[in-house]
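Please read the structure below before turning to the comments.
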Amino acid sequence: MSAIGPTAKPLASEAGLSLLEVLTVVAILAALSLAASLNVHRIGGPGAVGTADAFGRATLHFRDAAFYAGRHYAFALDAVGWRTLAFDPDTETWRPLDGAQPLARGSWGREVTADLEVEGRAARLETGAGDGTLLPDILILATGETTPFRLRFRDASGGLAGCVLSAFGALSCQAGP
C-alpha cells in the first residue's frame, strides 16, 4: 500500500489491443488494398513512358503468374494495345482472359504508336487472323521461357520509351530510344 492508496496492477484483459481497435486496423488495410486493386488499370500514365511502364508491369505480372501457377500466357498485340491470352490445354487453343481481370487488356494510350521486334525481326501489329481469333505475339511459358522482344513506344510530343524482354524473362523498360 502506498501513501495515497493501494497500487493497482493492470488486469491481463486491459493489456494489448481491444477487438474494436483490431477491427479498425483490418478495415483500414482492406480499404487500402481495395484502392490499390482498383488503380491497377491506372498504372503508367499518358505518353510513351507511361505506356512502357504499364506494359512492363503487365509482362512481369504474367511472367510470375505463369511460373507460380504452371500455366502458359501470351500477349496478342495490335496497333492500339494488348490482350492477355491463356493457353487452354483441353482445346489446345489460346483464349483471351476475361476483360474484368486486372491487366487482361491495355491500350497504348492516346497518340502513342508501338513498334515490335520479335526475336530480332520486325513484326507487324495486327489484330487476329481476320476471323476475330487472337494470335499470340509474345509467349510467356510456365517454364520461365519467354519470347524475346523489343517494343518501342513513341508519343505525339516525340517522347520515346521501350521494353526489352530476354528469352529467360529478364525485362527492362526505360525512357529513350
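Each chain of the C-alpha cells is named A, B, ... in the order shown, its residues numbered from 1; ligands are numbered from 1 in display order.
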Original post:
as an NGL selection string, which residues of segment 11-166 of chain A does DSSP assign to helix (DSSP H, G or I)?
Top reply: :A and (12-14 or 19-42 or 47-69)
**OP:** Find the residues near segment 160-164 of chain A: any atom within 9 Å, counting only C-alpha atoms, skip ones fewer than 5 places away on the same chain, and give them as a VMD selection string.
**Re:** chain A and resid 47 to 53 55 to 56 114 148 to 155 170 to 177
**OP:** In Å, rounded to a single decimal, give me how far atom CA of Gly81 of chain A is from atom CA of Leu60 of chain A.
**Re:** 16.7 Å
**OP:** With a distance cut-off of 8 Å and only C-alpha atoms, select the neighbouring residues of Arg95 of chain A, excluding the residue or stretch itself and same-chain residues fewer than 2 positions from it, and output the selection as a list in words.
**Re:**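 Everything that qualifies: Leu85, Ala86, Phe87, Asp88, Thr93, Leu97 and Leu134 of chain A.
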Could you save those same residues with C-alpha atoms as a compact mmCIF listing (two decimals), in the first residue's frame?
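And here's result-v5.txt as it stands now:
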# COMPACT_ATOMS: atom_id res chain seq x y z
CA LEU A 85 -4.25 -14.82 -73.56
CA ALA A 86 -4.13 -18.05 -71.55
CA PHE A 87 -3.45 -21.45 -73.08
CA ASP A 88 -6.30 -23.94 -72.74
CA THR A 93 -6.04 -23.01 -78.11
CA LEU A 97 -8.68 -13.57 -70.33
CA LEU A 134 -6.41 -13.57 -81.31
**OP:** Would you mind telling me which residue in A:Glu111, A:Asp78, A:Ala66, A:Thr84 lies nearest to Asp98 of chain A when using only C-alpha atoms?
**Re:**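 Among the listed residues, the smallest separation from Asp98 of chain A belongs to A:Thr84.
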Original post:
So how many Å separate atom CA of Phe168 of chain A and atom CA of Gly144 of chain A, to one decimal?
Top reply: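 Between atom CA of Phe168 of chain A and atom CA of Gly144 of chain A the gap works out to 6.1 Å.
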Subject >> Residue among A:Ser166, A:Ser18, A:Thr143, A:Ser157 lying closest to Arg71 of chain A, counting only C-alpha atoms >> reply: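 For Arg71 of chain A, the nearest of the candidates is A:Thr143.
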**OP:** Have a look at A:Ala74, A:Ala167, A:Ala27, A:Leu17 and name the one nearest to Asp137 of chain A; count only C-alpha atoms.
**Re:** A:Ala74
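Comparing the minimum interatomic distances between Gly158 of chain A and each of A:Leu19, A:Ala123, A:Val112, A:Ile140, counting only C-alpha atoms, we find that A:Val112 sits nearest.
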Original post:
DSSP on the backbone: what in segment 11-162 of chain A comes out strand (DSSP E), as number ranges by chain?
Top reply: A: 73-77, 81-88, 93-96, 105-107, 112-118, 121-123, 138-140, 149-155, 160-162
Let's have the selection written as a compact mmCIF listing (two decimals), in the first residue's frame, with C-alpha atoms.
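Everything below was put into part.txt:
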# COMPACT_ATOMS: atom_id res chain seq x y z
CA TYR A 73 0.22 -16.96 -71.02
CA ALA A 74 0.70 -14.79 -74.08
CA PHE A 75 0.12 -11.28 -75.33
CA ALA A 76 -1.69 -10.51 -78.55
CA LEU A 77 -0.60 -7.05 -79.66
CA GLY A 81 -2.92 -2.14 -77.33
CA TRP A 82 -2.71 -5.68 -75.98
CA ARG A 83 -4.87 -8.57 -74.86
CA THR A 84 -3.63 -11.23 -72.49
CA LEU A 85 -4.25 -14.82 -73.56
CA ALA A 86 -4.13 -18.05 -71.55
CA PHE A 87 -3.45 -21.45 -73.08
CA ASP A 88 -6.30 -23.94 -72.74
CA THR A 93 -6.04 -23.01 -78.11
CA TRP A 94 -5.23 -19.57 -76.77
CA ARG A 95 -8.17 -17.87 -75.08
CA PRO A 96 -8.42 -14.21 -74.05
CA ARG A 105 -6.01 -5.87 -71.64
CA GLY A 106 -4.47 -2.49 -72.07
CA SER A 107 -4.13 0.29 -74.60
CA VAL A 112 1.11 6.57 -78.80
CA THR A 113 2.39 4.27 -81.51
CA ALA A 114 4.22 0.99 -80.97
CA ASP A 115 6.84 -0.90 -82.98
CA LEU A 116 7.54 -4.54 -82.19
CA GLU A 117 10.59 -6.69 -82.84
CA VAL A 118 10.25 -10.38 -82.01
CA ARG A 121 12.86 -9.31 -86.54
CA ALA A 122 10.31 -6.56 -87.14
CA ALA A 123 6.73 -7.74 -86.57
CA ILE A 138 4.67 -12.90 -77.16
CA LEU A 139 4.67 -16.20 -75.25
CA ILE A 140 5.25 -16.49 -71.51
CA PHE A 149 11.05 -8.97 -77.86
CA ARG A 150 11.72 -5.25 -78.09
CA LEU A 151 8.68 -2.99 -78.00
CA ARG A 152 9.25 0.72 -78.69
CA PHE A 153 6.73 3.45 -77.99
CA ARG A 154 6.59 6.96 -79.44
CA ASP A 155 4.13 9.64 -78.41
CA LEU A 160 10.33 7.63 -76.63
CA ALA A 161 10.33 4.59 -74.36
CA GLY A 162 10.69 0.87 -74.76
**OP:** Work out how far atom CA of Ala79 of chain A is from atom CA of Gly109 of chain A, in Å to one decimal.
**Re:** 10.6 Å
Subject >> Nearest-residue call for Asp64 of chain A, choices A:Ala142, A:Leu165, A:Glu21, A:Gly159, using only C-alpha atoms >> reply: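 Using only C-alpha atoms, the shortest distance to Asp64 of chain A belongs to A:Ala142.
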Original post:
Of the residues A:Leu103, A:Val25, A:Leu20, A:Arg124, which is the one nearest to Ala65 of chain A, using only C-alpha atoms?
Top reply: A:Leu103
